>>> print(open('structure-v6.tsv').read())   # TSV, C-alpha atoms and all ligand atoms
chain	number	residue	atom	x	y	z
A	1	MET	CA	-212.33	195.70	17.94
A	2	THR	CA	-210.75	194.80	21.30
A	3	GLU	CA	-211.54	196.68	24.47
A	4	PRO	CA	-209.62	199.93	24.82
A	5	LEU	CA	-206.66	200.06	27.21
A	6	VAL	CA	-207.76	203.52	28.31
A	7	THR	CA	-211.11	205.28	28.10
A	8	LEU	CA	-211.59	208.85	29.24
A	9	GLU	CA	-215.17	209.93	29.68
A	10	ASN	CA	-215.70	213.65	30.02
A	11	LEU	CA	-212.51	213.88	32.06
A	12	THR	CA	-212.23	217.21	33.83
A	13	VAL	CA	-209.37	218.31	36.11
A	14	ALA	CA	-209.67	221.75	37.67
A	15	PHE	CA	-207.24	223.68	39.83
A	16	ASP	CA	-208.91	226.38	41.94
A	17	ASP	CA	-212.08	226.05	39.83
A	18	ARG	CA	-210.06	226.65	36.66
A	19	PRO	CA	-210.24	223.63	34.34
A	20	ALA	CA	-206.84	222.48	33.10
A	21	VAL	CA	-208.53	219.55	31.33
A	22	ASP	CA	-212.12	220.10	30.31
A	23	HIS	CA	-214.56	217.31	29.37
A	24	VAL	CA	-212.07	215.21	27.41
A	25	ASN	CA	-213.18	211.95	25.79
A	26	LEU	CA	-210.51	209.59	24.49
A	27	ASN	CA	-209.91	205.89	23.77
A	28	VAL	CA	-206.47	204.28	23.45
A	29	HIS	CA	-206.31	200.78	21.95
A	30	ARG	CA	-203.42	198.35	21.52
A	31	GLY	CA	-201.48	199.32	18.43
A	32	ASP	CA	-202.48	203.00	18.56
A	33	ILE	CA	-199.88	205.73	18.49
A	34	ILE	CA	-201.67	208.84	19.70
A	35	THR	CA	-199.92	212.14	20.17
A	36	ILE	CA	-201.30	215.01	22.21
A	37	ILE	CA	-200.27	218.42	20.99
A	38	GLY	CA	-201.23	221.85	22.28
A	39	PRO	CA	-199.77	225.12	23.50
A	40	ASN	CA	-198.03	225.54	26.88
A	41	GLY	CA	-200.44	225.16	29.75
A	42	ALA	CA	-203.00	223.34	27.57
A	43	GLY	CA	-203.41	220.51	30.10
A	44	LYS	CA	-201.39	217.82	28.29
A	45	THR	CA	-199.31	216.69	31.28
A	46	THR	CA	-202.32	216.96	33.57
A	47	LEU	CA	-204.27	214.64	31.28
A	48	ILE	CA	-201.46	212.08	31.29
A	49	LYS	CA	-201.14	212.32	35.07
A	50	ALA	CA	-204.86	211.60	35.40
A	51	ILE	CA	-204.39	208.44	33.33
A	52	LEU	CA	-201.41	207.41	35.47
A	53	GLY	CA	-203.49	207.95	38.60
A	54	ILE	CA	-201.22	210.64	40.01
A	55	GLN	CA	-203.74	213.42	39.38
A	56	LYS	CA	-207.29	213.10	40.65
A	57	ALA	CA	-210.16	213.80	38.27
A	58	THR	CA	-212.47	216.62	39.34
A	59	ALA	CA	-215.27	215.16	37.22
A	60	GLY	CA	-215.71	212.46	34.61
A	61	LYS	CA	-214.08	209.05	34.52
A	62	VAL	CA	-210.79	207.32	33.70
A	63	HIS	CA	-211.27	203.63	32.86
A	64	LEU	CA	-208.14	201.50	32.60
A	65	ASP	CA	-207.82	197.87	31.55
A	66	ARG	CA	-207.24	196.18	34.89
A	67	GLN	CA	-204.50	193.83	33.71
A	68	MET	CA	-202.61	196.59	31.99
A	69	VAL	CA	-198.95	197.42	32.70
A	70	ILE	CA	-198.04	201.05	32.00
A	71	GLY	CA	-194.53	202.14	31.10
A	72	TYR	CA	-194.08	205.86	31.74
A	73	VAL	CA	-191.36	208.12	30.41
A	74	PRO	CA	-191.61	211.38	32.39
A	75	GLN	CA	-190.74	214.83	31.13
A	76	HIS	CA	-187.90	215.19	33.65
A	77	LEU	CA	-185.71	212.79	35.55
A	78	VAL	CA	-185.54	214.17	39.08
A	79	LEU	CA	-182.63	212.69	41.00
A	80	GLU	CA	-180.78	213.60	44.14
A	81	SER	CA	-177.54	214.93	42.65
A	82	THR	CA	-175.41	213.92	45.64
A	83	LEU	CA	-176.52	210.29	45.40
A	84	PRO	CA	-174.06	208.23	43.33
A	85	LEU	CA	-176.13	206.23	40.85
A	86	ASN	CA	-175.04	204.43	37.74
A	87	VAL	CA	-177.23	203.23	34.89
A	88	GLU	CA	-177.13	199.59	36.05
A	89	ARG	CA	-178.31	200.49	39.55
A	90	PHE	CA	-180.94	202.89	38.20
A	91	MET	CA	-182.38	200.14	36.02
A	92	ALA	CA	-182.29	197.64	38.92
A	93	LEU	CA	-184.59	199.98	40.86
A	94	SER	CA	-187.31	199.01	38.35
A	95	GLY	CA	-187.43	195.61	40.08
A	96	ARG	CA	-186.75	193.73	36.83
A	97	SER	CA	-184.02	191.12	36.46
A	98	SER	CA	-180.54	192.10	35.34
A	99	GLU	CA	-181.13	190.30	32.00
A	100	GLU	CA	-184.39	192.17	31.38
A	101	CYS	CA	-182.73	195.48	32.22
A	102	LYS	CA	-179.76	194.80	29.93
A	103	ALA	CA	-182.06	193.72	27.10
A	104	ALA	CA	-184.09	196.92	27.48
A	105	LEU	CA	-180.93	199.06	27.47
A	106	ALA	CA	-179.72	197.25	24.35
A	107	ARG	CA	-183.08	197.82	22.66
A	108	THR	CA	-182.85	201.58	23.18
A	109	GLY	CA	-179.18	201.64	22.18
A	110	VAL	CA	-177.53	202.60	25.49
A	111	GLN	CA	-176.19	199.28	26.78
A	112	HIS	CA	-172.64	200.65	26.58
A	113	LEU	CA	-173.54	203.12	29.35
A	114	LEU	CA	-174.20	200.42	31.95
A	115	LYS	CA	-171.51	201.68	34.34
A	116	ALA	CA	-171.94	205.39	33.56
A	117	SER	CA	-173.29	207.80	36.15
A	118	VAL	CA	-176.89	208.83	35.41
A	119	HIS	CA	-175.94	212.37	36.47
A	120	HIS	CA	-173.56	212.77	33.56
A	121	LEU	CA	-175.69	211.43	30.70
A	122	SER	CA	-176.47	213.70	27.77
A	123	GLY	CA	-180.09	214.73	27.17
A	124	GLY	CA	-180.53	212.13	24.43
A	125	GLU	CA	-178.89	209.35	26.46
A	126	ARG	CA	-181.14	210.17	29.40
A	127	GLN	CA	-184.27	209.91	27.24
A	128	ARG	CA	-183.14	206.50	25.97
A	129	LEU	CA	-182.43	205.37	29.53
A	130	LEU	CA	-185.92	206.45	30.64
A	131	LEU	CA	-187.41	204.63	27.66
A	132	ALA	CA	-185.42	201.51	28.59
A	133	ARG	CA	-186.73	201.67	32.15
A	134	ALA	CA	-190.30	201.87	30.84
A	135	LEU	CA	-189.60	199.06	28.38
A	136	ALA	CA	-188.20	196.69	31.02
A	137	ARG	CA	-191.75	196.48	32.41
A	138	LYS	CA	-192.99	195.05	29.07
A	139	PRO	CA	-195.78	197.60	29.03
A	140	ASP	CA	-199.21	197.27	27.44
A	141	LEU	CA	-199.34	201.04	27.32
A	142	LEU	CA	-196.34	203.31	26.82
A	143	VAL	CA	-196.90	206.87	28.03
A	144	LEU	CA	-194.28	209.40	26.98
A	145	ASP	CA	-194.17	213.04	28.02
A	146	GLU	CA	-192.10	214.84	25.39
A	147	PRO	CA	-189.76	211.91	24.68
A	148	ALA	CA	-187.63	213.83	22.18
A	149	GLN	CA	-186.64	216.76	24.37
A	150	GLY	CA	-182.89	217.27	24.51
A	151	VAL	CA	-182.44	214.95	21.54
A	152	ASP	CA	-180.84	216.30	18.38
A	153	ILE	CA	-182.80	216.26	15.12
A	154	ASN	CA	-181.35	213.01	13.75
A	155	GLY	CA	-181.74	211.40	17.13
A	156	GLN	CA	-185.39	212.53	17.25
A	157	ALA	CA	-186.22	210.81	13.97
A	158	SER	CA	-184.61	207.56	15.15
A	159	LEU	CA	-186.29	207.83	18.55
A	160	TYR	CA	-189.74	208.10	16.94
A	161	GLU	CA	-188.86	205.20	14.65
A	162	LEU	CA	-187.84	203.19	17.72
A	163	ILE	CA	-191.18	204.01	19.37
A	164	ARG	CA	-193.01	202.69	16.30
A	165	GLN	CA	-190.93	199.49	16.35
A	166	LEU	CA	-191.60	199.00	20.06
A	167	ARG	CA	-195.31	199.41	19.41
A	168	ASP	CA	-195.08	196.61	16.85
A	169	GLU	CA	-192.92	194.33	19.00
A	170	LEU	CA	-194.93	194.73	22.21
A	171	ASN	CA	-198.29	195.24	20.52
A	172	CYS	CA	-198.80	198.03	23.02
A	173	GLY	CA	-200.62	201.33	22.80
A	174	VAL	CA	-198.57	204.52	22.78
A	175	LEU	CA	-199.78	207.84	24.15
A	176	MET	CA	-197.33	210.70	23.97
A	177	ILE	CA	-197.03	214.44	24.25
A	178	SER	CA	-194.90	216.27	21.75
A	179	HIS	CA	-194.15	219.83	20.78
A	180	ASP	CA	-192.38	218.97	17.57
A	181	LEU	CA	-195.22	219.16	15.09
A	182	HIS	CA	-193.23	217.98	12.09
A	183	LEU	CA	-192.07	214.83	13.78
A	184	VAL	CA	-195.50	214.29	15.28
A	185	MET	CA	-197.10	214.50	11.89
A	186	ALA	CA	-194.64	211.98	10.49
A	187	ALA	CA	-194.56	209.52	13.37
A	188	THR	CA	-198.05	209.30	14.78
A	189	ASP	CA	-201.31	207.67	13.71
A	190	LYS	CA	-203.66	210.07	15.41
A	191	VAL	CA	-203.25	213.58	16.77
A	192	ILE	CA	-205.27	215.10	19.59
A	193	CYS	CA	-205.05	218.87	19.68
A	194	LEU	CA	-205.71	219.88	23.27
A	195	ASN	CA	-206.36	223.33	24.65
A	196	GLN	CA	-208.09	222.35	27.89
A	197	HIS	CA	-210.78	220.71	25.73
A	198	VAL	CA	-210.09	218.69	22.58
A	199	CYS	CA	-210.00	221.32	19.81
A	200	CYS	CA	-209.72	218.76	17.05
A	201	SER	CA	-208.38	215.29	16.48
A	202	GLY	CA	-207.70	212.97	13.59
A	203	TYR	CA	-205.12	211.74	11.15
A	204	PRO	CA	-202.06	213.98	10.93
A	205	ALA	CA	-202.61	214.71	7.25
A	206	ASP	CA	-206.15	215.97	7.86
A	207	ILE	CA	-205.78	217.86	11.08
A	208	SER	CA	-203.65	220.69	9.70
A	209	HIS	CA	-206.66	221.83	7.63
A	210	ASP	CA	-208.98	221.90	10.61
A	211	PRO	CA	-210.03	225.48	11.48
A	212	ALA	CA	-209.58	224.68	15.21
A	213	PHE	CA	-205.98	223.59	14.55
A	214	ILE	CA	-205.31	226.77	12.57
A	215	GLU	CA	-206.85	228.88	15.32
A	216	THR	CA	-204.68	227.22	17.97
A	217	PHE	CA	-201.37	227.15	16.13
A	218	GLY	CA	-201.77	229.88	13.52
A	219	HIS	CA	-201.68	229.77	9.72
A	220	GLN	CA	-197.90	229.58	9.46
A	221	VAL	CA	-197.63	226.41	11.51
A	222	ALA	CA	-200.64	224.84	9.79
A	223	GLU	CA	-199.16	225.53	6.35
A	224	SER	CA	-195.75	224.17	7.26
A	225	VAL	CA	-197.32	221.01	8.63
A	226	ALA	CA	-199.54	220.62	5.58
A	227	VAL	CA	-196.46	220.80	3.34
A	228	TYR	CA	-194.99	217.90	5.24
A	229	HIS	CA	-197.87	215.73	4.20
A	230	HIS	CA	-198.20	216.92	0.66
A	231	HIS	CA	-198.24	213.87	-1.59
A	232	HIS	CA	-195.96	214.31	-4.56
A	233	ASN	CA	-196.83	212.96	-7.95
A	234	HIS	CA	-194.07	214.82	-9.71
A	235	ARG	CA	-190.37	215.67	-9.36
A	236	HIS	CA	-188.35	218.87	-9.30
A	237	ASP	CA	-185.21	219.82	-11.17
A	238	LEU	CA	-182.27	221.49	-9.41
A	239	HIS	CA	-183.99	224.88	-9.63
A	240	GLY	CA	-187.11	223.57	-7.92
A	241	ASP	CA	-189.22	223.56	-11.09
A	242	VAL	CA	-191.66	220.73	-11.59
A	243	VAL	CA	-190.50	218.07	-14.06
A	244	ARG	CA	-193.71	216.64	-15.46
A	245	SER	CA	-192.29	213.94	-17.70
A	246	GLN	CA	-191.03	211.79	-14.83
A	247	GLN	CA	-192.90	208.94	-13.28
A	248	PRO	CA	-193.92	209.49	-9.67
A	249	ARG	CA	-191.61	208.15	-6.96
A	250	PRO	CA	-194.05	207.55	-4.19
A	251	THR	CA	-191.67	206.13	-1.61
A	252	GLU	CA	-189.07	208.86	-1.63
A	253	GLY	CA	-190.60	210.91	1.16
A	254	HIS	CA	-190.54	214.63	1.40
A	255	GLU	CA	-189.39	216.71	-1.51
A	256	GLU	CA	-190.19	220.35	-1.48
A	257	CYS	CA	-192.76	221.60	-3.91
A	258	SER	CA	-192.52	224.92	-5.72
A	259	GLY	CA	-196.21	225.53	-5.13
A	260	HIS	CA	-195.70	225.68	-1.36
A	261	ALA	CA	-193.68	227.51	1.19
A	262	HIS	CA	-190.18	226.06	1.66
A	263	HIS	CA	-188.95	224.95	5.07
B	1	LIG	N1	-200.77	220.82	40.74
B	1	LIG	C1	-201.22	221.92	40.15
B	1	LIG	N2	-201.76	222.92	40.86
B	1	LIG	C2	-202.25	224.04	40.27
B	1	LIG	N3	-202.21	224.25	38.95
B	1	LIG	C3	-201.67	223.29	38.18
B	1	LIG	C4	-201.14	222.08	38.72
B	1	LIG	N4	-200.67	221.32	37.71
B	1	LIG	C5	-200.89	222.01	36.58
B	1	LIG	N5	-201.49	223.20	36.86
B	1	LIG	C6	-201.91	224.19	35.88
B	1	LIG	O1	-202.71	223.53	34.90
B	1	LIG	C7	-202.45	224.07	33.61
B	1	LIG	C8	-202.04	222.95	32.66
B	1	LIG	O2	-200.75	222.48	33.02
B	1	LIG	P1	-200.05	221.27	32.25
B	1	LIG	O3	-198.71	221.06	32.90
B	1	LIG	O4	-200.98	220.14	32.19
B	1	LIG	O5	-199.89	221.90	30.80
B	1	LIG	P2	-199.09	221.36	29.55
B	1	LIG	O6	-200.04	221.40	28.39
B	1	LIG	O7	-198.46	220.05	29.86
B	1	LIG	O8	-198.01	222.50	29.37
B	1	LIG	P3	-196.50	222.51	28.80
B	1	LIG	O9	-196.60	222.34	27.32
B	1	LIG	O10	-196.04	223.89	29.17
B	1	LIG	O11	-195.71	221.43	29.50
B	1	LIG	C9	-201.38	225.14	33.78
B	1	LIG	O12	-202.01	226.39	33.84
B	1	LIG	C10	-200.74	224.78	35.12
B	1	LIG	O13	-200.25	225.92	35.76
>>> encode(input="structure-v6.tsv", output="structure tokens")
Amino acid sequence: MTEPLVTLENLTVAFDDRPAVDHVNLNVHRGDIITIIGPNGAGKTTLIKAILGIQKATAGKVHLDRQMVIGYVPQHLVLESTLPLNVERFMALSGRSSEECKAALARTGVQHLLKASVHHLSGGERQRLLLARALARKPDLLVLDEPAQGVDINGQASLYELIRQLRDELNCGVLMISHDLHLVMAATDKVICLNQHVCCSGYPADISHDPAFIETFGHQVAESVAVYHHHHNHRHDLHGDVVRSQQPRPTEGHEECSGHAHH
């Protein structure tokens, strides 16, 4: 296996002697899509900031591939509201050529907003603009802090699909934070459940059964997430009853199962 892009070794970040991130070990390789989940205040953003070098480690180490370019999509876009700024100018601030900026905007589906004011973009448009700015750098590592916030449910699914495609096109690693467990479970390769320390980690389908996951998120969340990954080998009729005579349809995605809670 190639060298990791990022290695965290017992990373600890404390504020006033209170650890926000506590002895975290993590590797991110090219091709990985890793999602950090955890309750509010669990240290997710602090961990990402330590990787980006904008938060100092109190103890432990952050190793980064020295050649690596990081594309970062922050949680919020903080802009001076009195400063007139259109999308074209905002993208130019990345230092990339006009062609690269336009290509990145086209890739995230917002090229038609080139002349629009960044102050008037919708939540979803803003997220796609921030992703385009990160993309224009041709990153080796894409770091996204809640990329789907402000994006409607259909938009969220296509945004996660876009992130997967970008991972394939750029052969980059992806490290993101998300609160939407259902989309996380569908769109990610590996989940890290953080609550200062790493409570549990693994494949989405397995993690929902982990006692540490259940303790952190509760039974209801764990069950609803487990349903999402239930593999169906049968079909249902219109009343929800199992139809056993049918052949399985493995590629049809989620169908609700009468043996589980419905969501
Ligand atoms: N610069 C700082 N100074 C002091 N405390 C901080 C600082 N940054 C973060 N914290 C504290 O560290 C803890 C973790 O914060 P962090 O923003 O990393 O959590 P999070 O998991 O990203 O939360 P959320 O899901 O609410 O965004 C919180 O208790 C927060 O108040």
>>> axis_aligned_box(input="structure-v6.tsv", around="ligand LIG 1 (chain B)", padding_each_side="3 Å", output="JSON")
{"center_x": -199.2, "center_y": 223.2, "center_z": 34.1, "size_x": 13.0, "size_y": 12.3, "size_z": 19.5}
>>> closest_residue(input="structure-v6.tsv", among="A:His179, A:His209, A:Arg30, A:His120", to="ligand LIG 1 (chain B)", atoms="all atoms listed in the file")
A:His179
>>> closest_atom_pairs(input="structure-v6.tsv", of="chain A", to="ligand LIG 1 (chain B)", cutoff="7 Å", atoms="all atoms listed in the file", output="tab-separated table")
residue	atom	partner	partner_atom	distance
A:Phe15	CA	B:LIG1	C2	5.0
A:Ala20	CA	B:LIG1	O1	4.6
A:Gly38	CA	B:LIG1	O6	6.2
A:Pro39	CA	B:LIG1	O9	5.7
A:Asn40	CA	B:LIG1	O10	3.5
A:Gly41	CA	B:LIG1	O5	3.5
A:Ala42	CA	B:LIG1	O6	3.6
A:Gly43	CA	B:LIG1	O4	3.2
A:Lys44	CA	B:LIG1	O6	3.8
A:Thr45	CA	B:LIG1	O7	3.7
A:Thr46	CA	B:LIG1	O4	3.7
A:Leu47	CA	B:LIG1	O4	6.5
>>> residues_around(input="structure-v6.tsv", residues="segment 90-95 of chain A", least_positions_apart="2", cutoff="12 Å", atoms="all atoms listed in the file", output="MDAnalysis selection string")
chainID A and resid 71:72 77 79 83:88 97:105 110:111 113:119 126 128:138
>>> residues_around(input="structure-v6.tsv", residues="segment 211-222 of chain A", least_positions_apart="3", cutoff="8 Å", atoms="only C-alpha atoms", output="ChimeraX atom specification")
/A:38-39,193,195,199-200,207-208,225-226
>>> closest_residue(input="structure-v6.tsv", among="A:Leu142, A:Ala148, A:Ala59, A:Ile36", to="Asp189 of chain A", atoms="all atoms listed in the file")
A:Ile36
>>> residues_around(input="structure-v6.tsv", residues="Gly150 of chain A", least_positions_apart="2", cutoff="9 Å", atoms="all atoms listed in the file", output="list in words")
Ser122, Gly123, Gly124, Arg126, Gln127, Pro147, Ala148 and Asp152 of chain A
>>> atom_distance(input="structure-v6.tsv", atom1="atom CA of Ala186 of chain A", atom2="atom CA of Glu169 of chain A")
19.7 Å
>>> atom_distance(input="structure-v6.tsv", atom1="atom CA of Cys172 of chain A", atom2="atom CA of Gly109 of chain A")
20.0 Å
>>> atom_distance(input="structure-v6.tsv", atom1="atom CA of His29 of chain A", atom2="atom CA of Leu5 of chain A")
5.3 Å
>>> closest_residue(input="structure-v6.tsv", among="A:Asp206, A:Glu9, A:Glu223, A:Asp168", to="Leu64 of chain A", atoms="all atoms listed in the file")
A:Glu9
>>> closest_residue(input="structure-v6.tsv", among="A:Val69, A:Val174, A:Ile33, A:Leu166", to="Ala187 of chain A", atoms="all atoms listed in the file")
A:Ile33
>>> closest_residue(input="structure-v6.tsv", among="A:Pro4, A:Pro74, A:Gly31, A:Gly60", to="Gln149 of chain A", atoms="only C-alpha atoms")
A:Pro74
>>> residues_around(input="structure-v6.tsv", residues="Asn27 of chain A", least_positions_apart="3", cutoff="7 Å", atoms="only C-alpha atoms", output="NGL selection string")
:A and (4 or 6-8)
>>> closest_residue(input="structure-v6.tsv", among="A:Lys61, A:Gly202, A:Ile37, A:His182", to="Asp22 of chain A", atoms="all atoms listed in the file")
A:Lys61
